[in-house]
$ cat work22.json   # JSON, C-alpha atoms
[["chain", "number", "residue", "atom", "x", "y", "z"],
["S", 1, "MET", "CA", 94.90, 55.95, 26.72],
["S", 2, "ILE", "CA", 97.50, 57.07, 24.18],
["S", 3, "GLU", "CA", 101.02, 55.73, 24.52],
["S", 4, "PHE", "CA", 103.71, 58.33, 25.19],
["S", 5, "THR", "CA", 105.34, 58.11, 21.79],
["S", 6, "PRO", "CA", 108.58, 59.74, 20.58],
["S", 7, "GLU", "CA", 106.42, 62.34, 18.84],
["S", 8, "LEU", "CA", 104.73, 63.17, 22.14],
["S", 9, "GLU", "CA", 108.12, 63.38, 23.85],
["S", 10, "LEU", "CA", 109.22, 66.01, 21.34],
["S", 11, "GLU", "CA", 105.92, 67.87, 21.62],
["S", 12, "ALA", "CA", 106.14, 67.86, 25.42],
["S", 13, "TYR", "CA", 109.72, 69.14, 25.28],
["S", 14, "ARG", "CA", 108.78, 72.04, 23.02],
["S", 15, "GLU", "CA", 105.72, 73.01, 25.07],
["S", 16, "MET", "CA", 107.60, 72.92, 28.37],
["S", 17, "LEU", "CA", 110.52, 74.83, 26.86],
["S", 18, "LEU", "CA", 108.17, 77.50, 25.52],
["S", 19, "ILE", "CA", 106.69, 78.00, 28.99],
["S", 20, "ARG", "CA", 110.16, 78.13, 30.56],
["S", 21, "ARG", "CA", 111.53, 80.70, 28.09],
["S", 22, "PHE", "CA", 108.34, 82.76, 28.20],
["S", 23, "GLU", "CA", 108.44, 82.91, 31.99],
["S", 24, "GLU", "CA", 112.12, 83.83, 31.99],
["S", 25, "LYS", "CA", 111.34, 86.69, 29.62],
["S", 26, "ALA", "CA", 108.39, 87.76, 31.79],
["S", 27, "GLY", "CA", 110.73, 87.83, 34.78],
["S", 28, "GLN", "CA", 113.09, 90.11, 32.85],
["S", 29, "LEU", "CA", 110.28, 92.49, 31.89],
["S", 30, "TYR", "CA", 109.10, 92.60, 35.50],
["S", 31, "GLY", "CA", 112.59, 93.57, 36.62],
["S", 32, "MET", "CA", 112.66, 96.32, 33.99],
["S", 33, "GLY", "CA", 109.37, 97.73, 35.20],
["S", 34, "PHE", "CA", 107.26, 96.76, 32.19],
["S", 35, "ILE", "CA", 105.08, 94.41, 34.28],
["S", 36, "GLY", "CA", 103.41, 95.89, 37.33],
["S", 37, "GLY", "CA", 101.48, 94.39, 40.21],
["S", 38, "PHE", "CA", 101.80, 90.70, 40.97],
["S", 39, "CYS", "CA", 103.57, 88.19, 38.78],
["S", 40, "HIS", "CA", 103.80, 84.49, 39.71],
["S", 41, "LEU", "CA", 106.11, 82.44, 37.51],
["S", 42, "TYR", "CA", 105.61, 78.77, 36.65],
["S", 43, "ILE", "CA", 109.28, 77.83, 36.22],
["S", 44, "GLY", "CA", 109.85, 74.25, 37.42],
["S", 45, "GLN", "CA", 106.23, 73.13, 37.21],
["S", 46, "GLU", "CA", 105.94, 72.88, 33.43],
["S", 47, "ALA", "CA", 105.38, 69.11, 33.27],
["S", 48, "VAL", "CA", 102.09, 69.34, 35.17],
["S", 49, "VAL", "CA", 100.14, 71.51, 32.77],
["S", 50, "VAL", "CA", 101.74, 70.09, 29.61],
["S", 51, "GLY", "CA", 101.01, 66.50, 30.63],
["S", 52, "MET", "CA", 97.44, 67.28, 31.67],
["S", 53, "GLN", "CA", 96.74, 69.26, 28.49],
["S", 54, "MET", "CA", 97.77, 66.18, 26.51],
["S", 55, "ALA", "CA", 95.13, 64.17, 28.37],
["S", 56, "ILE", "CA", 92.10, 66.30, 27.44],
["S", 57, "GLU", "CA", 90.17, 66.90, 24.24],
["S", 58, "GLU", "CA", 89.17, 70.02, 22.36],
["S", 59, "GLY", "CA", 86.17, 71.54, 24.12],
["S", 60, "ASP", "CA", 87.22, 70.46, 27.60],
["S", 61, "GLN", "CA", 87.69, 73.35, 30.00],
["S", 62, "VAL", "CA", 90.62, 74.54, 32.10],
["S", 63, "ILE", "CA", 90.49, 76.84, 35.09],
["S", 64, "THR", "CA", 93.35, 77.68, 37.40],
["S", 65, "THR", "CA", 94.88, 80.04, 39.95],
["S", 66, "TYR", "CA", 97.09, 83.11, 39.62],
["S", 67, "ARG", "CA", 100.20, 81.08, 38.64],
["S", 68, "ASP", "CA", 98.62, 80.80, 35.24],
["S", 69, "HIS", "CA", 100.87, 81.80, 32.33],
["S", 70, "GLY", "CA", 101.96, 78.21, 31.72],
["S", 71, "HIS", "CA", 98.37, 77.02, 31.61],
["S", 72, "MET", "CA", 97.52, 79.66, 29.02],
["S", 73, "LEU", "CA", 100.38, 78.73, 26.73],
["S", 74, "ALA", "CA", 99.66, 75.00, 27.08],
["S", 75, "ALA", "CA", 96.03, 75.69, 26.17],
["S", 76, "GLY", "CA", 97.22, 77.23, 22.89],
["S", 77, "MET", "CA", 96.77, 80.91, 23.74],
["S", 78, "ASP", "CA", 98.94, 83.34, 21.76],
["S", 79, "PRO", "CA", 102.18, 84.28, 23.60],
["S", 80, "VAL", "CA", 101.86, 87.84, 22.24],
["S", 81, "GLY", "CA", 98.39, 88.22, 23.73],
["S", 82, "VAL", "CA", 99.51, 86.78, 27.05],
["S", 83, "MET", "CA", 102.59, 89.02, 27.27],
["S", 84, "SER", "CA", 100.55, 92.04, 26.20],
["S", 85, "GLU", "CA", 98.18, 91.40, 29.07],
["S", 86, "LEU", "CA", 101.09, 91.00, 31.48],
["S", 87, "THR", "CA", 102.34, 94.44, 30.44],
["S", 88, "GLY", "CA", 98.89, 96.02, 30.60],
["S", 89, "ARG", "CA", 98.46, 96.65, 26.88],
["S", 90, "SER", "CA", 95.26, 96.86, 24.88],
["S", 91, "GLY", "CA", 96.15, 93.82, 22.78],
["S", 92, "GLY", "CA", 96.14, 91.57, 25.84],
["S", 93, "TYR", "CA", 93.60, 88.84, 26.42],
["S", 94, "SER", "CA", 91.74, 91.03, 28.92],
["S", 95, "LYS", "CA", 92.44, 94.27, 27.00],
["S", 96, "GLY", "CA", 95.23, 95.13, 29.43],
["S", 97, "LYS", "CA", 92.86, 95.38, 32.39],
["S", 98, "GLY", "CA", 93.43, 91.99, 34.03],
["S", 99, "GLY", "CA", 97.19, 91.65, 34.22],
["S", 100, "SER", "CA", 99.04, 88.52, 35.23],
["S", 101, "MET", "CA", 96.30, 86.93, 37.32],
["S", 102, "HIS", "CA", 93.16, 87.53, 35.27],
["S", 103, "MET", "CA", 93.23, 86.34, 31.69],
["S", 104, "PHE", "CA", 90.61, 84.35, 29.83],
["S", 105, "SER", "CA", 90.03, 82.83, 26.42],
["S", 106, "LYS", "CA", 86.57, 81.61, 25.47],
["S", 107, "GLU", "CA", 87.97, 80.27, 22.19],
["S", 108, "LYS", "CA", 90.48, 78.05, 24.03],
["S", 109, "ASN", "CA", 88.05, 77.17, 26.84],
["S", 110, "PHE", "CA", 90.42, 78.75, 29.36],
["S", 111, "PHE", "CA", 88.41, 80.29, 32.20],
["S", 112, "GLY", "CA", 91.17, 82.04, 34.19],
["S", 113, "GLY", "CA", 93.47, 82.95, 36.05],
["S", 114, "HIS", "CA", 91.95, 83.86, 39.48],
["S", 115, "GLY", "CA", 93.58, 85.96, 42.16],
["S", 116, "ILE", "CA", 91.51, 84.70, 45.10],
["S", 117, "VAL", "CA", 93.15, 81.69, 46.73],
["S", 118, "GLY", "CA", 90.99, 78.62, 46.12],
["S", 119, "ALA", "CA", 88.48, 80.43, 43.87],
["S", 120, "SER", "CA", 89.12, 78.09, 40.96],
["S", 121, "ALA", "CA", 87.63, 75.14, 42.90],
["S", 122, "PRO", "CA", 83.99, 76.32, 43.11],
["S", 123, "LEU", "CA", 84.16, 77.95, 39.67],
["S", 124, "GLY", "CA", 85.56, 74.80, 38.08],
["S", 125, "THR", "CA", 82.93, 72.74, 39.85],
["S", 126, "GLY", "CA", 80.31, 75.08, 38.39],
["S", 127, "LEU", "CA", 81.71, 74.55, 34.90],
["S", 128, "ALA", "CA", 81.49, 70.79, 35.43],
["S", 129, "PHE", "CA", 77.89, 71.19, 36.64],
["S", 130, "ALA", "CA", 77.06, 73.07, 33.44],
["S", 131, "ASN", "CA", 78.62, 70.26, 31.39],
["S", 132, "LYS", "CA", 76.50, 67.63, 33.11],
["S", 133, "TYR", "CA", 73.36, 69.77, 32.85],
["S", 134, "ARG", "CA", 73.91, 70.19, 29.12],
["S", 135, "GLY", "CA", 74.92, 66.56, 28.59],
["S", 136, "ASN", "CA", 77.79, 67.64, 26.37],
["S", 137, "ASP", "CA", 80.43, 65.00, 27.30],
["S", 138, "ARG", "CA", 82.94, 67.70, 28.38],
["S", 139, "ILE", "CA", 85.11, 67.66, 31.50],
["S", 140, "CYS", "CA", 86.75, 70.46, 33.47],
["S", 141, "LEU", "CA", 90.34, 70.46, 34.75],
["S", 142, "THR", "CA", 90.31, 72.50, 37.94],
["S", 143, "TYR", "CA", 93.75, 73.49, 39.21],
["S", 144, "PHE", "CA", 94.70, 74.86, 42.62],
["S", 145, "GLY", "CA", 97.71, 74.70, 44.91],
["S", 146, "ASP", "CA", 98.68, 73.15, 48.23],
["S", 147, "GLY", "CA", 97.93, 76.44, 50.01],
["S", 148, "ALA", "CA", 94.43, 76.58, 48.55],
["S", 149, "ALA", "CA", 93.85, 72.94, 49.53],
["S", 150, "ASN", "CA", 93.15, 74.14, 53.08],
["S", 151, "GLN", "CA", 90.41, 76.56, 52.01],
["S", 152, "GLY", "CA", 86.84, 75.87, 53.07],
["S", 153, "GLN", "CA", 85.38, 76.56, 49.65],
["S", 154, "VAL", "CA", 87.41, 73.66, 48.27],
["S", 155, "TYR", "CA", 85.56, 71.20, 50.52],
["S", 156, "GLU", "CA", 82.18, 72.68, 49.72],
["S", 157, "SER", "CA", 83.07, 72.10, 46.08],
["S", 158, "PHE", "CA", 84.14, 68.51, 46.77],
["S", 159, "ASN", "CA", 80.82, 67.82, 48.46],
["S", 160, "MET", "CA", 78.73, 69.13, 45.59],
["S", 161, "ALA", "CA", 80.93, 67.50, 42.94],
["S", 162, "LYS", "CA", 80.46, 64.07, 44.50],
["S", 163, "LEU", "CA", 76.82, 64.63, 45.40],
["S", 164, "TRP", "CA", 76.00, 65.43, 41.77],
["S", 165, "ASN", "CA", 78.67, 63.15, 40.28],
["S", 166, "LEU", "CA", 80.21, 65.95, 38.23],
["S", 167, "PRO", "CA", 82.79, 65.51, 35.44],
["S", 168, "VAL", "CA", 85.64, 67.39, 37.12],
["S", 169, "VAL", "CA", 89.29, 66.53, 37.74],
["S", 170, "TYR", "CA", 90.85, 68.50, 40.59],
["S", 171, "VAL", "CA", 94.58, 68.98, 39.97],
["S", 172, "ILE", "CA", 96.38, 70.03, 43.16],
["S", 173, "GLU", "CA", 99.78, 71.47, 42.25],
["S", 174, "ASN", "CA", 101.74, 70.76, 45.41],
["S", 175, "ASN", "CA", 104.95, 72.76, 45.01],
["S", 176, "LYS", "CA", 105.78, 72.32, 48.72],
["S", 177, "TYR", "CA", 105.22, 75.94, 49.78],
["S", 178, "GLY", "CA", 102.05, 77.98, 50.18],
["S", 179, "MET", "CA", 103.54, 81.44, 49.68],
["S", 180, "GLY", "CA", 106.45, 81.10, 52.12],
["S", 181, "THR", "CA", 105.12, 78.40, 54.44],
["S", 182, "SER", "CA", 106.06, 74.76, 53.93],
["S", 183, "ILE", "CA", 103.24, 72.23, 53.82],
["S", 184, "GLU", "CA", 104.62, 70.56, 56.96],
["S", 185, "ARG", "CA", 104.01, 73.77, 58.91],
["S", 186, "SER", "CA", 100.62, 74.61, 57.41],
["S", 187, "SER", "CA", 98.85, 71.29, 56.91],
["S", 188, "SER", "CA", 98.00, 68.64, 59.50],
["S", 189, "THR", "CA", 98.02, 66.01, 56.75],
["S", 190, "THR", "CA", 100.26, 66.48, 53.74],
["S", 191, "ASP", "CA", 98.85, 63.82, 51.39],
["S", 192, "PHE", "CA", 96.48, 66.11, 49.54],
["S", 193, "SER", "CA", 95.35, 63.32, 47.20],
["S", 194, "GLN", "CA", 93.30, 61.94, 50.10],
["S", 195, "ARG", "CA", 91.54, 65.20, 50.94],
["S", 196, "GLY", "CA", 88.38, 63.98, 49.21],
["S", 197, "MET", "CA", 88.05, 60.77, 51.23],
["S", 198, "SER", "CA", 85.24, 61.97, 53.49],
["S", 199, "PHE", "CA", 83.22, 62.83, 50.38],
["S", 200, "GLY", "CA", 83.97, 59.57, 48.60],
["S", 201, "ILE", "CA", 86.26, 61.19, 46.01],
["S", 202, "PRO", "CA", 89.28, 59.02, 45.12],
["S", 203, "GLY", "CA", 92.69, 60.48, 44.43],
["S", 204, "GLU", "CA", 96.34, 59.71, 43.84],
["S", 205, "GLN", "CA", 99.75, 61.30, 44.10],
["S", 206, "VAL", "CA", 101.64, 61.80, 40.84],
["S", 207, "ASP", "CA", 105.26, 62.69, 40.07],
["S", 208, "GLY", "CA", 104.58, 66.17, 38.74],
["S", 209, "MET", "CA", 108.16, 66.53, 37.51],
["S", 210, "ASP", "CA", 107.70, 63.69, 34.98],
["S", 211, "VAL", "CA", 105.46, 64.63, 32.06],
["S", 212, "ARG", "CA", 104.88, 60.96, 31.20],
["S", 213, "ALA", "CA", 103.58, 60.19, 34.67],
["S", 214, "VAL", "CA", 101.36, 63.27, 34.56],
["S", 215, "LYS", "CA", 99.81, 62.33, 31.23],
["S", 216, "ALA", "CA", 99.26, 58.71, 32.29],
["S", 217, "ALA", "CA", 97.44, 59.79, 35.46],
["S", 218, "GLY", "CA", 95.57, 62.47, 33.53],
["S", 219, "ASP", "CA", 94.41, 59.99, 30.89],
["S", 220, "LYS", "CA", 92.91, 57.75, 33.55],
["S", 221, "ALA", "CA", 91.25, 60.52, 35.55],
["S", 222, "VAL", "CA", 89.84, 62.28, 32.49],
["S", 223, "LYS", "CA", 88.48, 59.04, 31.00],
["S", 224, "ARG", "CA", 86.82, 58.20, 34.31],
["S", 225, "ALA", "CA", 85.18, 61.62, 34.59],
["S", 226, "ARG", "CA", 84.03, 61.62, 30.96],
["S", 227, "GLU", "CA", 82.43, 58.19, 31.32],
["S", 228, "GLY", "CA", 80.37, 59.25, 34.34],
["S", 229, "GLY", "CA", 82.71, 58.17, 37.13],
["S", 230, "GLY", "CA", 82.52, 61.54, 38.83],
["S", 231, "PRO", "CA", 85.19, 63.75, 40.39],
["S", 232, "TYR", "CA", 88.80, 62.70, 40.92],
["S", 233, "ILE", "CA", 91.79, 64.29, 42.65],
["S", 234, "LEU", "CA", 95.30, 64.30, 41.22],
["S", 235, "GLU", "CA", 97.98, 65.64, 43.55],
["S", 236, "MET", "CA", 100.94, 66.70, 41.44],
["S", 237, "LEU", "CA", 104.17, 66.63, 43.45],
["S", 238, "THR", "CA", 106.08, 69.45, 41.83],
["S", 239, "TYR", "CA", 108.41, 72.33, 42.67],
["S", 240, "ARG", "CA", 108.80, 75.99, 41.76],
["S", 241, "TYR", "CA", 112.33, 77.31, 41.34],
["S", 242, "ARG", "CA", 111.47, 80.97, 41.88],
["S", 243, "GLY", "CA", 109.77, 82.65, 44.82],
["S", 244, "HIS", "CA", 106.03, 82.66, 45.33],
["S", 245, "SER", "CA", 105.89, 85.84, 43.25],
["S", 246, "MET", "CA", 108.50, 88.12, 41.72],
["S", 247, "SER", "CA", 108.61, 90.15, 44.95],
["S", 248, "ASP", "CA", 109.45, 87.08, 47.06],
["S", 249, "PRO", "CA", 113.18, 86.53, 47.83],
["S", 250, "ALA", "CA", 112.36, 82.93, 48.94],
["S", 251, "LYS", "CA", 114.60, 82.99, 52.01],
["S", 252, "TYR", "CA", 112.49, 80.29, 53.66],
["S", 253, "ARG", "CA", 114.32, 77.53, 51.79],
["S", 254, "SER", "CA", 117.97, 76.80, 51.14],
["S", 255, "ARG", "CA", 119.84, 77.30, 47.90],
["S", 256, "GLU", "CA", 120.95, 73.68, 48.19],
["S", 257, "GLU", "CA", 117.32, 72.51, 48.11],
["S", 258, "VAL", "CA", 116.57, 74.41, 44.92],
["S", 259, "LYS", "CA", 119.87, 73.38, 43.33],
["S", 260, "LYS", "CA", 119.19, 69.72, 44.06],
["S", 261, "MET", "CA", 115.76, 69.88, 42.42],
["S", 262, "ARG", "CA", 117.14, 71.68, 39.37],
["S", 263, "GLU", "CA", 119.98, 69.21, 38.90],
["S", 264, "GLU", "CA", 118.16, 65.98, 39.68],
["S", 265, "ARG", "CA", 114.46, 66.49, 38.90],
["S", 266, "ASP", "CA", 114.12, 69.19, 36.24],
["S", 267, "PRO", "CA", 111.14, 68.20, 34.04],
["S", 268, "ILE", "CA", 112.63, 69.58, 30.83],
["S", 269, "GLU", "CA", 116.06, 68.05, 31.30],
["S", 270, "GLN", "CA", 114.47, 64.64, 31.92],
["S", 271, "VAL", "CA", 112.78, 64.74, 28.52],
["S", 272, "LYS", "CA", 115.92, 66.10, 26.85],
["S", 273, "LYS", "CA", 117.96, 63.17, 28.11],
["S", 274, "ARG", "CA", 115.42, 60.70, 26.75],
["S", 275, "LEU", "CA", 115.20, 62.46, 23.38],
["S", 276, "VAL", "CA", 118.96, 62.39, 22.90],
["S", 277, "GLY", "CA", 119.51, 59.00, 24.56],
["S", 278, "ASP", "CA", 116.84, 57.29, 22.44],
["S", 279, "GLY", "CA", 118.05, 58.91, 19.22],
["S", 280, "ILE", "CA", 114.83, 60.84, 18.71],
["S", 281, "ALA", "CA", 116.70, 64.14, 18.40],
["S", 282, "THR", "CA", 120.29, 65.35, 18.48],
["S", 283, "GLU", "CA", 121.79, 68.01, 20.69],
["S", 284, "ASP", "CA", 121.90, 70.30, 17.65],
["S", 285, "ASP", "CA", 118.20, 69.64, 16.94],
["S", 286, "LEU", "CA", 117.28, 70.67, 20.46],
["S", 287, "LYS", "CA", 119.52, 73.73, 20.35],
["S", 288, "GLU", "CA", 117.72, 74.85, 17.20],
["S", 289, "LEU", "CA", 114.37, 74.24, 18.89],
["S", 290, "ASP", "CA", 115.51, 76.33, 21.85],
["S", 291, "ARG", "CA", 116.46, 79.16, 19.49],
["S", 292, "GLU", "CA", 112.99, 79.01, 17.91],
["S", 293, "VAL", "CA", 111.28, 79.09, 21.29],
["S", 294, "ARG", "CA", 113.47, 81.94, 22.56],
["S", 295, "ALA", "CA", 112.56, 83.89, 19.42],
["S", 296, "ILE", "CA", 108.84, 83.39, 20.15],
["S", 297, "ALA", "CA", 109.28, 84.69, 23.70],
["S", 298, "ALA", "CA", 111.40, 87.62, 22.52],
["S", 299, "ASN", "CA", 108.86, 88.52, 19.84],
["S", 300, "ALA", "CA", 106.05, 88.42, 22.40],
["S", 301, "ALA", "CA", 107.99, 90.77, 24.66],
["S", 302, "GLU", "CA", 108.84, 93.17, 21.82],
["S", 303, "ARG", "CA", 105.29, 93.23, 20.46],
["S", 304, "ALA", "CA", 103.88, 93.79, 23.94],
["S", 305, "GLN", "CA", 106.17, 96.75, 24.60],
["S", 306, "GLN", "CA", 105.18, 98.32, 21.26],
["S", 307, "ASP", "CA", 101.46, 97.93, 21.96],
["S", 308, "VAL", "CA", 99.43, 100.83, 23.35],
["S", 309, "GLU", "CA", 97.89, 101.05, 26.79],
["S", 310, "PRO", "CA", 94.09, 100.82, 27.11],
["S", 311, "ALA", "CA", 92.19, 104.05, 26.58],
["S", 312, "PRO", "CA", 90.66, 105.61, 29.73],
["S", 313, "SER", "CA", 87.22, 104.79, 28.31],
["S", 314, "GLU", "CA", 88.01, 101.09, 28.83],
["S", 315, "LEU", "CA", 87.37, 101.67, 32.53],
["S", 316, "TYR", "CA", 83.66, 101.55, 31.68],
["S", 317, "THR", "CA", 83.60, 98.48, 29.41],
["S", 318, "ASP", "CA", 83.24, 94.76, 30.28],
["S", 319, "ILE", "CA", 81.57, 95.46, 33.61],
["S", 320, "LEU", "CA", 78.26, 94.42, 35.15],
["S", 321, "ARG", "CA", 75.89, 97.27, 35.87]]
$ encode --input "work22.json" --output "structure tokens"
Amino acid sequence: MIEFTPELELEAYREMLLIRRFEEKAGQLYGMGFIGGFCHLYIGQEAVVVGMQMAIEEGDQVITTYRDHGHMLAAGMDPVGVMSELTGRSGGYSKGKGGSMHMFSKEKNFFGGHGIVGASAPLGTGLAFANKYRGNDRICLTYFGDGAANQGQVYESFNMAKLWNLPVVYVIENNKYGMGTSIERSSSTTDFSQRGMSFGIPGEQVDGMDVRAVKAAGDKAVKRAREGGGPYILEMLTYRYRGHSMSDPAKYRSREEVKKMREERDPIEQVKKRLVGDGIATEDDLKELDREVRAIAANAAERAQQDVEPAPSELYTDILR
């Protein structure tokens, strides 16, 4: 387990800030009509994916749901390629044919982006099965949300993962609302970390707004899975500031609730306070970093808008016949 050093603090701040600024820019492009279809932003949840990415090694796999842009950026995928896919351009990671919810990168071991609720659970379990079959010492981070935690396919996956002792870490991103329904209204038990108990899968709740807590829990779970300990569940208690998708006005929760989370629990501001308070960076240093990150997001948006749309012939490529 690697200590959360000042260098890691600065790295975490930059990665979370990149996701935040990228998602803000994506929201702008959606409002301007450059992004069509569905678009689910990750604003507020940045600490989860950044902390977990710090806990894995090169060659480990990541698979997630349709709130996936942050996961792609944390995995090292090119912001230009991600934004190009969001805008349906040929330079996108799925050649402009997948959009927001369906992007992949074999080079970065990122296996999607899946629009079906809960689909990442059986697919991630399958990736872990392949790892064990090959004996390659790799693990798979399998993300899904609190809404997907009630899906039947999740429990089938839990059963097989424990039965075969697979190297998989299930990361449940509990942002309190499955679409527009609070977990209290949709779930008979709201401690999702214990959903694997009947299968013998241990789990724990983690402060998903604190990147240090996420990485510490991730280090432990990943080490356990890699050493043959089998599946583990991490429930990340987090929060999304925007609606479920860009078309969601989020009237099911109060402005006061969102404001309180932004002011008291924001994952980026927590790191910023530590960086400045501990003398690791100055306010001016962080302002300059913000300018750099904003420029990356702006460049991705500009390059995406200048890219061409896929040719009609692309309708017949990358398909199973």
$ closest_residue --input "work22.json" --among "S:Ala311, S:Ile116, S:Met54, S:Leu41" --to "Gln153 of chain S" --atoms "all atoms listed in the file"
S:Ile116
$ closest_residue --input "work22.json" --among "S:Asp285, S:Glu269, S:Glu184, S:Glu302" --to "Leu29 of chain S" --atoms "all atoms listed in the file"
S:Glu302
$ residues_around --input "work22.json" --residues "Tyr30 of chain S" --least-positions-apart "5" --cutoff "10 Å" --atoms "all atoms listed in the file" --output "list in words"
Glu24, Lys25, Ile35, Gly36, Gly37, Phe38, Cys39, Leu86, Thr87, Met246 and Ser247 of chain S
$ residues_around --input "work22.json" --residues "Arg20 of chain S" --least-positions-apart "5" --cutoff "8 Å" --atoms "only C-alpha atoms" --output "CSV table (one decimal) with C-alpha atoms, in the frame of the given file"
chain,number,residue,atom,x,y,z
S,42,TYR,CA,105.6,78.8,36.6
S,43,ILE,CA,109.3,77.8,36.2
S,44,GLY,CA,109.8,74.2,37.4
S,46,GLU,CA,105.9,72.9,33.4
$ atom_distance --input "work22.json" --atom1 "atom CA of Ser182 of chain S" --atom2 "atom CA of Met72 of chain S"
26.8 Å
$ closest_residue --input "work22.json" --among "S:Gly59, S:Gly180, S:Gly76, S:Gly124" --to "Arg253 of chain S" --atoms "all atoms listed in the file"
S:Gly180
$ atom_distance --input "work22.json" --atom1 "atom CA of Lys108 of chain S" --atom2 "atom CA of Ala75 of chain S"
6.4 Å
$ closest_atom_pairs --input "work22.json" --of "segment 202-231 of chain S" --to "segment 140-147 of chain S" --cutoff "12 Å" --atoms "all atoms listed in the file" --output "tab-separated table"
residue	atom	partner	partner_atom	distance
S:Gly218	CA	S:Leu141	CA	9.6
S:Asp219	CA	S:Leu141	CA	11.9
S:Ala221	CA	S:Leu141	CA	10.0
S:Val222	CA	S:Leu141	CA	8.5
S:Lys223	CA	S:Cys140	CA	11.8
S:Ala225	CA	S:Cys140	CA	9.0
S:Arg226	CA	S:Cys140	CA	9.6
S:Gly230	CA	S:Cys140	CA	11.2
S:Pro231	CA	S:Cys140	CA	9.8
$ atom_distance --input "work22.json" --atom1 "atom CA of Asp60 of chain S" --atom2 "atom CA of Arg89 of chain S"
28.5 Å
$ decode --input "work22.json" --residues "segment 164-189 of chain S" --atoms "C-alpha atoms" --output "short mmCIF file (atom, residue, chain, number, x, y, z; two decimals), in the first residue's frame"
data_model
loop_
_atom_site.label_atom_id
_atom_site.label_comp_id
_atom_site.auth_asym_id
_atom_site.auth_seq_id
_atom_site.Cartn_x
_atom_site.Cartn_y
_atom_site.Cartn_z
CA TRP S 164 -14.81 -19.42 -8.76
CA ASN S 165 -12.92 -17.05 -6.46
CA LEU S 166 -12.41 -14.47 -9.21
CA PRO S 167 -10.07 -11.45 -9.02
CA VAL S 168 -12.75 -8.76 -9.25
CA VAL S 169 -13.47 -5.65 -7.18
CA TYR S 170 -17.06 -4.44 -7.46
CA VAL S 171 -17.21 -0.66 -6.99
CA ILE S 172 -20.76 0.50 -6.26
CA GLU S 173 -21.00 4.24 -6.83
CA ASN S 174 -23.84 5.17 -4.51
CA ASN S 175 -24.74 8.74 -5.46
CA LYS S 176 -28.02 8.52 -3.51
CA TYR S 177 -30.37 8.54 -6.52
CA GLY S 178 -31.12 5.89 -9.13
CA MET S 179 -32.27 8.19 -11.93
CA GLY S 180 -34.74 10.27 -9.90
CA THR S 181 -35.56 7.84 -7.09
CA SER S 182 -33.75 8.05 -3.76
CA ILE S 183 -32.24 4.86 -2.40
CA GLU S 184 -34.59 5.03 0.60
CA ARG S 185 -37.57 4.68 -1.74
CA SER S 186 -36.09 2.03 -4.03
CA SER S 187 -34.04 -0.25 -1.78
CA SER S 188 -35.19 -2.27 1.22
CA THR S 189 -31.64 -2.17 2.58
#
